[in-house]
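Source file start.cif; content: mmCIF, C-alpha atoms and all ligand atoms.
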```cif
data_protein
#
loop_
_atom_site.label_atom_id
_atom_site.label_comp_id
_atom_site.auth_asym_id
_atom_site.auth_seq_id
_atom_site.Cartn_x
_atom_site.Cartn_y
_atom_site.Cartn_z
CA MET A 1 -37.99 182.79 22.74
CA GLU A 2 -36.75 182.48 19.17
CA GLY A 3 -35.01 179.28 18.26
CA LEU A 4 -36.89 176.90 20.50
CA GLY A 5 -39.55 174.67 18.94
CA LYS A 6 -42.97 174.96 20.55
CA PRO A 7 -42.90 171.78 22.66
CA GLN A 8 -39.31 172.52 23.64
CA LEU A 9 -40.21 176.07 24.67
CA GLU A 10 -42.96 174.75 26.95
CA GLN A 11 -40.71 172.01 28.30
CA THR A 12 -37.97 174.46 29.20
CA HIS A 13 -39.91 177.53 30.20
CA VAL A 14 -43.06 175.99 31.65
CA HIS A 15 -42.70 172.36 32.74
CA ASN A 16 -39.12 172.48 34.00
CA VAL A 17 -39.74 175.73 35.79
CA TYR A 18 -42.88 174.52 37.61
CA ASN A 19 -41.09 171.39 38.72
CA ILE A 20 -38.26 173.44 40.17
CA ILE A 21 -40.38 176.13 41.81
CA ALA A 22 -43.16 173.74 42.96
CA GLY A 23 -42.60 174.17 46.70
CA HIS A 24 -42.26 177.93 46.59
CA PHE A 25 -45.11 178.31 44.08
CA SER A 26 -47.38 176.24 46.28
CA ALA A 27 -46.64 178.36 49.33
CA THR A 28 -47.96 181.38 47.43
CA ARG A 29 -51.16 179.72 46.20
CA TYR A 30 -53.96 179.43 48.69
CA LYS A 31 -56.60 182.10 48.09
CA PRO A 32 -59.31 180.86 45.72
CA TRP A 33 -60.50 183.36 43.13
CA PRO A 34 -64.19 184.26 43.72
CA VAL A 35 -65.42 183.32 40.22
CA VAL A 36 -63.81 179.87 40.53
CA ASP A 37 -65.14 179.45 44.04
CA ASP A 38 -68.70 180.30 42.91
CA PHE A 39 -68.47 177.96 39.91
CA LEU A 40 -67.38 175.04 42.12
CA ARG A 41 -69.91 175.72 44.86
CA GLY A 42 -72.71 175.96 42.29
CA LEU A 43 -72.16 172.42 41.02
CA GLU A 44 -74.73 169.73 41.61
CA LYS A 45 -73.97 167.45 44.54
CA GLY A 46 -72.23 164.24 43.48
CA SER A 47 -70.78 165.76 40.30
CA VAL A 48 -67.57 164.22 39.02
CA GLY A 49 -64.99 166.47 37.40
CA ALA A 50 -61.37 167.27 36.79
CA ASP A 51 -59.16 170.27 37.44
CA VAL A 52 -56.70 170.20 34.53
CA GLY A 53 -53.48 172.01 35.42
CA CYS A 54 -54.45 171.95 39.09
CA GLY A 55 -51.08 173.16 40.41
CA ASN A 56 -50.87 172.58 44.16
CA GLY A 57 -54.53 171.53 44.31
CA LYS A 58 -55.84 174.76 45.73
CA TYR A 59 -59.29 174.18 44.18
CA LEU A 60 -59.56 170.43 44.80
CA GLY A 61 -61.17 170.71 48.21
CA VAL A 62 -63.36 173.80 47.71
CA ASN A 63 -66.63 171.87 47.38
CA PRO A 64 -66.71 168.66 49.43
CA ASP A 65 -69.98 167.57 47.76
CA VAL A 66 -68.33 166.97 44.39
CA PHE A 67 -65.54 164.62 43.38
CA THR A 68 -62.64 166.32 41.62
CA ILE A 69 -59.61 164.63 40.12
CA GLY A 70 -56.59 166.87 39.92
CA SER A 71 -54.14 166.65 37.06
CA ASP A 72 -51.03 168.54 36.14
CA ARG A 73 -47.99 168.21 33.90
CA SER A 74 -45.70 168.79 36.89
CA ASP A 75 -45.08 165.68 38.97
CA LYS A 76 -43.67 167.81 41.79
CA LEU A 77 -46.91 169.79 42.07
CA ILE A 78 -48.93 166.57 41.93
CA ASP A 79 -46.83 165.19 44.80
CA ILE A 80 -47.91 168.24 46.79
CA CYS A 81 -51.58 167.55 45.95
CA ARG A 82 -51.20 163.98 47.16
CA GLU A 83 -49.52 165.06 50.38
CA ARG A 84 -52.58 167.24 50.95
CA GLY A 85 -54.77 164.16 50.54
CA PHE A 86 -56.25 164.88 47.10
CA GLU A 87 -56.72 162.51 44.18
CA ALA A 88 -54.36 163.63 41.46
CA MET A 89 -52.37 162.35 38.50
CA VAL A 90 -49.67 163.47 36.11
CA CYS A 91 -50.88 164.10 32.56
CA ASP A 92 -50.77 166.60 29.73
CA ASN A 93 -53.67 168.89 28.86
CA LEU A 94 -52.76 168.44 25.18
CA LYS A 95 -53.39 164.70 25.40
CA LEU A 96 -55.76 163.87 28.22
CA PRO A 97 -55.94 160.20 29.23
CA TYR A 98 -59.70 160.33 29.88
CA ARG A 99 -62.57 158.85 27.94
CA ASP A 100 -64.83 161.00 25.77
CA ASN A 101 -67.81 162.58 27.58
CA CYS A 102 -66.82 161.38 31.05
CA PHE A 103 -66.91 164.49 33.27
CA ASP A 104 -69.76 166.62 34.62
CA PHE A 105 -67.47 169.60 35.03
CA LEU A 106 -63.94 170.80 34.35
CA THR A 107 -61.79 173.70 35.44
CA SER A 108 -58.75 175.06 33.62
CA ILE A 109 -57.39 177.86 35.76
CA ALA A 110 -54.40 179.77 34.46
CA VAL A 111 -53.12 176.92 32.27
CA ILE A 112 -53.93 177.54 28.60
CA HIS A 113 -51.84 180.73 28.59
CA HIS A 114 -48.79 178.44 28.88
CA MET A 115 -49.42 176.92 25.43
CA SER A 116 -47.16 178.54 22.89
CA SER A 117 -49.13 178.61 19.62
CA PRO A 118 -52.74 179.14 18.48
CA ASP A 119 -52.91 175.49 17.41
CA ARG A 120 -51.73 174.24 20.78
CA ARG A 121 -54.16 176.49 22.64
CA LEU A 122 -57.00 175.17 20.48
CA MET A 123 -55.78 171.59 21.00
CA ALA A 124 -55.90 172.11 24.77
CA VAL A 125 -59.48 173.44 24.59
CA ASN A 126 -60.53 170.64 22.22
CA GLU A 127 -59.27 168.05 24.69
CA LEU A 128 -61.25 169.65 27.52
CA ILE A 129 -64.42 169.68 25.42
CA ARG A 130 -63.85 166.08 24.32
CA VAL A 131 -63.81 164.71 27.87
CA LEU A 132 -66.74 166.85 29.07
CA ARG A 133 -70.16 165.20 28.85
CA PRO A 134 -72.91 166.88 26.84
CA GLY A 135 -74.52 169.38 29.19
CA GLY A 136 -71.36 169.49 31.32
CA ARG A 137 -69.76 172.78 32.31
CA LEU A 138 -66.25 174.08 31.90
CA LEU A 139 -64.59 177.15 33.41
CA ILE A 140 -61.43 178.53 31.75
CA PHE A 141 -59.27 181.35 33.14
CA VAL A 142 -56.30 182.88 31.31
CA TRP A 143 -54.07 185.84 32.01
CA ALA A 144 -55.05 189.05 30.22
CA PHE A 145 -52.84 191.26 28.11
CA GLU A 146 -54.97 194.13 29.41
CA GLN A 147 -53.96 194.57 33.04
CA GLU A 148 -56.00 196.58 35.51
CA LYS A 149 -54.75 200.06 36.37
CA ARG A 150 -53.77 199.07 39.87
CA SER A 151 -51.86 196.04 38.61
CA ARG A 152 -48.11 196.27 38.85
CA ARG A 153 -47.59 194.72 35.44
CA ARG A 154 -47.73 196.23 31.95
CA PHE A 155 -47.14 194.13 28.86
CA GLU A 156 -45.73 195.27 25.53
CA GLU A 157 -46.13 191.95 23.75
CA GLN A 158 -48.47 188.98 23.98
CA ASP A 159 -45.77 186.31 24.16
CA VAL A 160 -43.56 187.00 27.12
CA PHE A 161 -41.32 185.56 29.77
CA VAL A 162 -42.46 186.33 33.27
CA PRO A 163 -39.78 185.94 35.91
CA TRP A 164 -40.29 183.82 38.99
CA LYS A 165 -37.96 184.94 41.69
CA MET A 166 -36.92 182.42 44.28
CA PRO A 167 -35.05 183.48 47.39
CA LYS A 168 -32.08 181.21 47.07
CA ASN A 169 -31.32 180.51 50.69
CA VAL A 170 -34.84 179.54 51.58
CA TYR A 171 -35.69 177.32 48.68
CA LEU A 172 -32.34 176.11 47.43
CA PRO A 173 -30.48 175.31 50.62
CA GLU A 174 -28.04 173.13 48.72
CA GLY A 175 -26.40 176.21 47.29
CA SER A 176 -26.06 176.72 43.59
CA ALA A 177 -29.07 176.94 41.32
CA ALA A 178 -27.34 174.83 38.74
CA ALA A 179 -27.64 171.76 40.93
CA ASN A 180 -31.40 172.01 40.80
CA THR A 181 -31.74 172.94 37.17
CA THR A 182 -32.18 170.87 34.10
CA PRO A 183 -30.08 171.98 31.13
CA ASN A 184 -31.67 174.80 29.10
CA THR A 185 -33.65 176.38 31.90
CA THR A 186 -32.87 180.05 31.96
CA VAL A 187 -31.41 181.07 35.26
CA GLU A 188 -30.18 184.48 36.21
CA GLU A 189 -28.67 185.28 39.50
CA GLU A 190 -29.65 188.58 41.05
CA GLY A 191 -28.07 189.30 44.38
CA GLY A 192 -28.60 185.78 45.70
CA ASP A 193 -32.08 185.23 44.32
CA VAL A 194 -32.59 182.88 41.44
CA VAL A 195 -34.84 183.96 38.60
CA TYR A 196 -36.63 181.48 36.38
CA GLN A 197 -38.34 182.62 33.20
CA ARG A 198 -41.85 181.31 32.68
CA TYR A 199 -43.39 181.53 29.21
CA TYR A 200 -46.88 183.09 28.92
CA HIS A 201 -49.18 183.94 26.04
CA LEU A 202 -51.30 186.86 27.25
CA PHE A 203 -54.84 186.88 25.92
CA LYS A 204 -56.37 189.98 24.38
CA GLU A 205 -60.03 190.81 24.79
CA GLY A 206 -62.15 188.40 22.72
CA GLU A 207 -59.31 185.96 22.05
CA LEU A 208 -60.40 183.31 24.54
CA GLU A 209 -63.97 183.39 23.17
CA GLU A 210 -62.59 183.12 19.64
CA ILE A 211 -60.57 179.98 20.42
CA VAL A 212 -63.34 178.34 22.41
CA GLY A 213 -65.77 179.22 19.61
CA ARG A 214 -63.66 177.19 17.19
CA SER A 215 -63.95 174.08 19.34
CA GLU A 216 -66.82 171.95 18.12
CA GLY A 217 -69.64 171.53 20.63
CA ALA A 218 -68.59 174.40 22.89
CA ILE A 219 -71.31 176.89 23.80
CA ILE A 220 -70.19 179.96 25.71
CA ASP A 221 -72.64 180.77 28.51
CA MET A 222 -70.76 183.61 30.02
CA SER A 223 -67.50 185.46 29.64
CA GLY A 224 -65.84 188.16 31.63
CA TYR A 225 -62.79 189.82 33.12
CA ASP A 226 -61.72 189.47 36.71
CA ARG A 227 -58.50 190.50 38.43
CA ASP A 228 -56.28 190.74 35.34
CA ASN A 229 -57.73 187.58 33.78
CA TRP A 230 -60.23 186.69 31.07
CA TYR A 231 -62.60 183.82 31.72
CA VAL A 232 -65.38 181.88 30.02
CA ILE A 233 -67.98 179.44 31.28
CA VAL A 234 -68.79 176.88 28.60
CA THR A 235 -71.44 174.19 28.20
CA LYS A 236 -70.96 171.24 25.88
CA ALA A 237 -73.77 170.80 23.35
CA MET B 1 -62.24 156.55 33.31
CA LEU B 2 -58.62 156.30 32.25
CA GLN B 3 -57.78 155.16 28.77
CA CYS B 4 -54.65 154.65 26.71
CA HIS B 5 -53.94 157.56 24.40
CA ALA B 6 -50.82 156.49 22.56
CA LYS B 7 -51.03 157.38 18.87
CA SER B 8 -50.40 153.84 17.70
CA CYS B 9 -53.05 152.36 19.97
CA PRO B 10 -55.73 150.41 18.06
CA GLN B 11 -59.15 152.03 18.13
CA GLY B 12 -61.61 150.51 20.55
CA GLN B 13 -59.05 148.66 22.66
CA SER B 14 -57.63 151.54 24.63
CA TYR B 15 -60.08 151.04 27.50
CA PRO B 16 -60.11 149.79 30.17
CA LEU B 17 -56.51 149.57 31.25
CA ALA B 18 -55.59 146.32 32.99
CA ILE B 19 -54.02 146.60 36.43
CA ARG B 20 -50.96 144.50 37.21
CA ASN B 21 -48.69 144.11 40.25
CA ALA B 22 -50.99 146.19 42.39
CA GLU B 23 -50.33 147.16 45.96
CA LEU B 24 -53.44 148.55 47.62
CA GLU B 25 -54.00 151.03 50.35
CA GLN B 26 -57.10 151.39 52.54
CA LEU B 27 -58.30 154.91 53.29
CA ASP B 28 -60.86 156.25 55.71
CA ALA B 29 -63.45 158.36 53.97
CA GLU B 30 -66.63 159.54 55.63
CA PHE B 31 -69.62 157.55 54.36
CA ASN B 32 -72.27 159.70 52.71
CA ALA B 33 -75.15 157.64 51.31
CA ASP B 34 -76.49 160.53 49.23
CA PHE B 35 -73.12 161.17 47.60
CA VAL B 36 -72.60 157.49 46.78
CA THR B 37 -76.10 157.24 45.30
CA ARG B 38 -75.38 160.17 43.00
CA LEU B 39 -71.99 158.77 42.09
CA MET B 40 -73.32 155.34 41.11
CA PRO B 41 -74.74 156.10 37.67
CA LYS B 42 -71.40 157.67 36.73
CA LEU B 43 -69.41 154.53 37.39
CA ASP B 44 -68.59 152.07 34.65
CA TRP B 45 -70.09 149.23 36.64
CA ALA B 46 -68.66 146.34 34.61
CA VAL B 47 -65.14 147.72 34.83
CA LEU B 48 -65.40 148.59 38.50
CA ARG B 49 -66.75 145.13 39.28
CA LYS B 50 -64.04 143.36 37.30
CA THR B 51 -61.24 145.45 38.79
CA ALA B 52 -62.53 145.09 42.35
CA PHE B 53 -62.76 141.34 41.87
CA GLU B 54 -59.32 140.93 40.29
CA LEU B 55 -57.69 142.99 43.01
CA GLY B 56 -59.52 141.01 45.68
CA VAL B 57 -61.21 144.08 47.13
CA ALA B 58 -64.82 142.96 46.97
CA GLU B 59 -67.38 141.07 44.96
CA LEU B 60 -69.92 143.51 43.59
CA PRO B 61 -73.30 142.32 42.24
CA ALA B 62 -73.31 141.50 38.52
CA GLU B 63 -75.77 144.25 37.72
CA ILE B 64 -75.75 147.73 39.15
CA PRO B 65 -78.39 147.73 41.93
CA THR B 66 -81.41 149.78 40.86
CA GLU B 67 -82.62 150.17 44.42
CA PRO B 68 -79.41 149.97 46.40
CA THR B 69 -79.60 148.92 50.03
CA GLN B 70 -77.48 150.56 52.70
CA ALA B 71 -75.13 147.57 52.44
CA ASP B 72 -74.76 148.04 48.68
CA LEU B 73 -73.92 151.69 49.17
CA GLN B 74 -71.40 150.90 51.85
CA LEU B 75 -69.72 148.36 49.63
CA ILE B 76 -69.50 150.82 46.75
CA HIS B 77 -68.16 153.43 49.14
CA LYS B 78 -65.44 151.04 50.18
CA VAL B 79 -64.50 150.03 46.64
CA ALA B 80 -64.72 153.41 44.93
CA LEU B 81 -63.80 155.86 47.66
CA GLU B 82 -61.78 153.99 50.26
CA THR B 83 -59.54 151.79 48.18
CA ARG B 84 -56.56 153.34 46.54
CA ILE B 85 -53.96 151.72 44.34
CA LYS B 86 -50.64 152.65 45.84
CA GLU B 87 -48.32 150.97 43.35
CA ALA B 88 -49.22 149.25 40.09
CA ASP B 89 -48.72 149.06 36.37
CA MET B 90 -51.68 149.96 34.21
CA VAL B 91 -51.37 148.05 30.98
CA CYS B 92 -53.20 148.82 27.74
CA ASN B 93 -54.80 145.76 26.16
CA GLY B 94 -54.55 147.38 22.75
CA CYS B 95 -50.90 148.33 22.44
CA GLY B 96 -49.26 147.06 25.61
CA HIS B 97 -48.25 150.51 26.82
CA VAL B 98 -47.55 150.55 30.56
CA TYR B 99 -48.51 153.52 32.72
CA PRO B 100 -47.11 153.36 36.24
CA ILE B 101 -48.83 154.26 39.50
CA LYS B 102 -46.25 155.29 42.07
CA ASP B 103 -47.08 156.28 45.60
CA GLY B 104 -50.73 156.62 44.62
CA VAL B 105 -50.03 158.86 41.62
CA PRO B 106 -50.76 157.60 38.09
CA ASN B 107 -48.33 158.98 35.53
CA MET B 108 -50.06 159.17 32.16
CA LEU B 109 -47.40 161.08 30.25
CA LEU B 110 -46.26 159.73 26.89
CA GLN B 111 -42.92 160.09 25.17
CA ASP B 112 -42.87 162.66 22.35
CA HIS B 113 -42.91 160.01 19.62
CA GLU B 114 -46.05 158.42 21.11
CA ILE B 115 -48.19 161.55 20.96
C1 LIG C 1 -50.28 179.42 36.85
S1 LIG C 1 -50.32 177.69 37.32
C2 LIG C 1 -52.01 177.53 37.86
C3 LIG C 1 -52.22 176.41 38.84
C4 LIG C 1 -53.64 176.30 39.45
N1 LIG C 1 -54.65 176.02 38.41
C5 LIG C 1 -53.99 177.55 40.23
O1 LIG C 1 -54.92 178.24 39.83
O2 LIG C 1 -53.31 177.84 41.23
C6 LIG C 1 -50.25 176.82 35.78
C7 LIG C 1 -50.24 175.31 35.90
O3 LIG C 1 -50.43 174.73 34.61
C8 LIG C 1 -49.66 173.57 34.52
N2 LIG C 1 -49.46 173.24 33.11
C9 LIG C 1 -48.78 173.95 32.19
N3 LIG C 1 -48.82 173.32 30.99
C10 LIG C 1 -49.56 172.19 31.16
C11 LIG C 1 -49.97 171.13 30.30
N4 LIG C 1 -49.61 171.08 29.01
N5 LIG C 1 -50.72 170.13 30.81
C12 LIG C 1 -51.09 170.16 32.13
N6 LIG C 1 -50.73 171.13 32.99
C13 LIG C 1 -49.97 172.14 32.51
C14 LIG C 1 -48.40 173.93 35.27
O4 LIG C 1 -47.66 172.80 35.66
C15 LIG C 1 -48.96 174.73 36.44
O5 LIG C 1 -49.26 173.93 37.55
ZN ZN C 2 -52.78 151.56 24.00
#
```
What does the file become when written as structure tokens?
Ligand SMILES: C[S@@+](CC[C@H](N)C(=O)[O-])C[C@H]1O[C@@H](n2cnc3c(N)ncnc32)[C@H](O)[C@@H]1O
Ligand SMILES: [Zn+2]
Amino acid sequence: MEGLGKPQLEQTHVHNVYNIIAGHFSATRYKPWPVVDDFLRGLEKGSVGADVGCGNGKYLGVNPDVFTIGSDRSDKLIDICRERGFEAMVCDNLKLPYRDNCFDFLTSIAVIHHMSSPDRRLMAVNELIRVLRPGGRLLIFVWAFEQEKRSRRRFEEQDVFVPWKMPKNVYLPEGSAAANTTPNTTVEEEGGDVVYQRYYHLFKEGELEEIVGRSEGAIIDMSGYDRDNWYVIVTKA
Amino acid sequence: MLQCHAKSCPQGQSYPLAIRNAELEQLDAEFNADFVTRLMPKLDWAVLRKTAFELGVAELPAEIPTEPTQADLQLIHKVALETRIKEADMVCNGCGHVYPIKDGVPNMLLQDHEI
């Protein structure tokens, strides 16, 4: 991790990786998490919102009575959203192209843990709060440093690389991984599988609330832990 | 809803983005009068009207209807929910930055030096 500047670290170990693994990643993402599902179903009919870092769009169709615009930094994942018939665009959470106060609700599910410094995590939250209307609601989920007992992962540090293993023959029929890789992306070959390293900042208890608390206008309504993740529900003042 | 966010963009001119070289696509979305009614106050009427007119989609009334008829709602449904821009350039009136829409997907990313 040393040696790469922050934006470069995210480019190499987040954005490039998601673009490469998009198809495989998408095939593994279909079950909505209950807290997210409840949040979306509880929204007022006709609400307009955005899912920032929407991945393959797994939450875009959960509640047909609201209008949700998907957005993600990965154009390959956004292509998948579009193929599924959702409205989606390519943009960066750190610099959202939306007007101030324009959304009734926002979701940020498993995205802010990919930002590689406290400043960048705060910048991402500030952008979400900026585009939320006063009274609007925001749900943020991030991966927890504290993993449940039954979880197969244990972390020693908060800033880690988490491998994504892709069965080579299924997802890279063209043969070598190098052909599908941009320079700098870490690739290890393990008995035919290709392993990509994704950067994560794992949140400790209280850390998400602390960052959100520093964002002007954010009022935390609720916070909790669910399935190895910390979450907060926020209202804009 | 979309605005220009380049660093050098002059304040106050970053919205709305002008749409050039547009190719449109007609979708089929189920009409839901209740949904459209709730959506209406959230639309920037002046911008929607201007864009719909320039793209030749429809002529919306000058003022947002306070008591919309079924026909009004159907027209809004068509403009806001059934018309999609397939290909276009979105141009900022402030700084001239061009954001492309390709295959229905707007790409709003900036180069590093523009952030
Ligand atoms: C773990 S996935 C979660 C996807 C989806 N929200 C879900 O719950 O399945 C993280 C997503 O965040 C996106 N992402 C990472 N950094 C981003 C940024 N700066 N702006 C927008 N999206 C970003 C990635 O492209 C990826 O789709
Ligand atoms: Zn501009």
Which residues form the shell of 8 Å around ligand LIG 1 (chain C) when you count all atoms listed in the file, given as a ChimeraX atom specification?
/A:10,14-15,18-19,26,29-30,32,51-59,71-74,77,90-94,108-112,114-115,124
Please, which residues of chain B lie no more than 6 Å from chain A when the count uses only C-alpha atoms, and can they be set out as number ranges by chain?
B: 1-3, 5, 35, 38-39, 105-109
Around range 47-65 of chain B, with edges along x, y and z and 5 Å added on all six sides, what centre and edge lengths do you get, in Å to one decimal, as AutoDock Vina command-line options?
```
--center_x -68.0 --center_y 144.8 --center_z 41.0 --size_x 30.7 --size_y 17.7 --size_z 22.3
```
Nearby polymer residues, ligand ZN 2 (chain C), at most 8 Å, only C-alpha atoms and all ligand atoms, as a ChimeraX atom specification
/B:3-10,13-14,91-97
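When CA of Val212 in chain A is paired with CA of Arg41 in chain A, their separation reads 23.5 Å.
Contact shell of Met40 in chain B at 12 Å (all atoms listed in the file; same-chain neighbours under 3 positions omitted): Gly46, Ser47 and Val48 of chain A; Ala33, Asp34, Phe35, Val36, Thr37, Leu43, Asp44, Trp45, Leu48, Glu63, Ile64, Pro65, Thr66, Glu67, Pro68, Asp72, Leu73, Gln74, Leu75, Ile76, His77, Val79, Ala80 and Leu81 of chain B.
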Could you give me, as a PyMOL selection string, the residues within 8 Å of range 214-221 of chain A, counting all atoms listed in the file and dropping anything in the same chain fewer than 3 positions from it?
chain A and resi 122+125-126+129+209-211+232-237
Write the residues you've just listed into a file as a PDB file, in the frame of the given file, and include C-alpha atoms for each of them.
```pdb
ATOM      1  CA  LEU A 122     -57.000 175.170  20.480  1.00  0.00           C
ATOM      2  CA  VAL A 125     -59.480 173.440  24.590  1.00  0.00           C
ATOM      3  CA  ASN A 126     -60.530 170.640  22.220  1.00  0.00           C
ATOM      4  CA  ILE A 129     -64.420 169.680  25.420  1.00  0.00           C
ATOM      5  CA  GLU A 209     -63.970 183.390  23.170  1.00  0.00           C
ATOM      6  CA  GLU A 210     -62.590 183.120  19.640  1.00  0.00           C
ATOM      7  CA  ILE A 211     -60.570 179.980  20.420  1.00  0.00           C
ATOM      8  CA  VAL A 232     -65.380 181.880  30.020  1.00  0.00           C
ATOM      9  CA  ILE A 233     -67.980 179.440  31.280  1.00  0.00           C
ATOM     10  CA  VAL A 234     -68.790 176.880  28.600  1.00  0.00           C
ATOM     11  CA  THR A 235     -71.440 174.190  28.200  1.00  0.00           C
ATOM     12  CA  LYS A 236     -70.960 171.240  25.880  1.00  0.00           C
ATOM     13  CA  ALA A 237     -73.770 170.800  23.350  1.00  0.00           C
TER      14      ALA A 237
END
```
Interatomic distance (Å, one decimal) between CA of Pro61 in chain B and CA of Glu82 in chain B:
18.3 Å
Find the distance between CA of Leu24 in chain B and CA of Asp103 in chain B and write it in Å to one decimal.
10.2 Å
